[in-house]
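K.L.:
The structure is given below, and queries will be raised subsequently.
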Amino acid sequence: MFERQTYIDRRKILKSKISSGIIFLLGNEYSPINYADNTFKFRQDSTFLYYFGISNPSLAAIIDIDQGTEIVFGNNPTLDSIVWTGKLPTLEKQFDACGISKVQPSSSLTKYIREAQRLKRKVHFLPPYRPENKIKLHQLLGLSFEEIEEKYSLELVTAVVSQREIKSSEEIEEIEKAVDISVDMHLAAITMAQLGMFEHEIAAEVNRIPLSKGADIAFPIIATVNGQTLHNHYHGNRLKKGDLFLLDAGAEVESGYCGDLSCTFPVSENFTQKQKTIYSITLNAHEAAVQLLSPEINFKDVHLEVCRTIVEGLKGIGLMKGNTDEAVNAGAHALFFPCGTGHMMGLDVHDMEDLGEVWVGYDGKPKSNQFGLKSLRLGKPLKPGFVLTIEPGIYFIPDLIDSWMAGKINESFLNFEMINKFRDLGGIRNEENYLITNSGARLLGKYRPKNIPMIESLRKKQ
């Protein structure tokens, strides 16, 4: 937790952004794996964590704008539960640490909500992403599940986004802790991978590192020789000569803040010439994005510059052709780069996306429907205090290549004969985390080597 005043100030700012009514925030519940007492690891709702700092299950909070009161609803442990969990501080004591003096049992929440509804007061709630919270909102507010999806408070969503998207110095400190551990996770993979190993052996070591430092993984580890599959969580392949290995992994520290890094390296000591060529193009695209990061630039423009850099690089080796701008406008580059250049990061590894990508990444403006561009999660002007990822990549996806070739999609910009010579190369991306500053951008956390000589030097030390 941060200092008590941090949470008091955060709630004060939130209250100033909402016109009237009550703000109703739900924490998360334990979620069973296969029966009630065998649960997935608990993770508190990030917005609840942001405003209260308490990571207990089965909590709810009311911030009453009109009356100026703040109440948390939850139950203290019973003797039966203490047998299993040990004695814990009371909710009153825990919430005093974030400046909340009123704690009421969960059973009182229904009465409070019903009274607010009787008086026709506005109840502001966020769009739920957990089924158990959808059920709670259905029961407490008397809304159908369809109505819940439609009647969440856009006023509250935009207020939360505008506050959480600007990271404070204490938040940056926590994110950098997470990034530093994430760097260690990647260096371990680069230096330990050997011919004949299974992917799961590397994934296991990558997982061990944050646990050994009192942290955890921020998301399921991607550790694969099939980097062309963007989110590949299968770890059953054996590493062989000529493979590229792609790792996408990050740590989450105790406060809930995350890191998110990717790296790609050869399973052999050196990249092949084809791998070097494509790796260099992705690295050029990465550096092009970093050079553009600054306040007020629209991140969509950063993404489009990445796309142009990739097209130019692939034209240079005969995989693409024609006018670069026309190719990007047509989306031809998306055969190789069907995703976005980066996303916001903080308490969530894809920060606040439960609140709606169009509000978090686009300030409510419509997204593109074009293949590739529609997967860009961030497309609005950058501001000092934003934390985001930079992760351009080039992917050779055989099924996508075959589909486009059969349909002659963007054939005026694509040389399918040459592309087929690279179809088994896999996928390549590097990913780093940046803070937007008043004058530009700053790399967060310690440096992770990513250029070819450094990667090959690390591979030789295995």
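Identifiers in the structure tokens: chain A, B, ... in order shown; residue index from 1 per chain; ligand index from 1 in order shown.
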As a PyMOL selection string, list the residues of stretch 45-259 of chain A assigned to helix (DSSP H, G or I) by DSSP on the backbone atoms of this structure.

P.N.:
chain A and resi 46-52+79-85+91-96+108-118+131-141+145-150+154-164+169-192+199-212

K.L.:
At a cut-off of 6 Å, using only C-alpha atoms, what residues contact stretch 3-18 of chain A? Leave out same-chain residues fewer than 2 positions from it and give the result as a VMD selection string.

P.N.:
chain A and resid 20 51 to 52 97 to 99 159

K.L.:
For stretch 296-307 of chain A, work out the shell of residues within 9 Å, counting only C-alpha atoms and skipping chain neighbours fewer than 3 positions away, then give it as a PyMOL selection string.

P.N.:
chain A and resi 282+284-290+292-293+310-312+328+333-334+337+340-342+373+376+378-384+392

K.L.:
Which residue is closest to A:Glu326? Choose from A:Asn28, A:Ser268, A:Arg308, A:Ser106 and count only C-alpha atoms.

P.N.:
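Closest residue, counting only C-alpha atoms: A:Arg308.
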
K.L.:
Run DSSP on the backbone and give me the residues of stretch 157-329 of chain A it puts in strand (DSSP E), as a VMD selection string.

P.N.:
chain A and resid 216 to 217 222 to 224 244 to 249 251 to 252 261 to 266
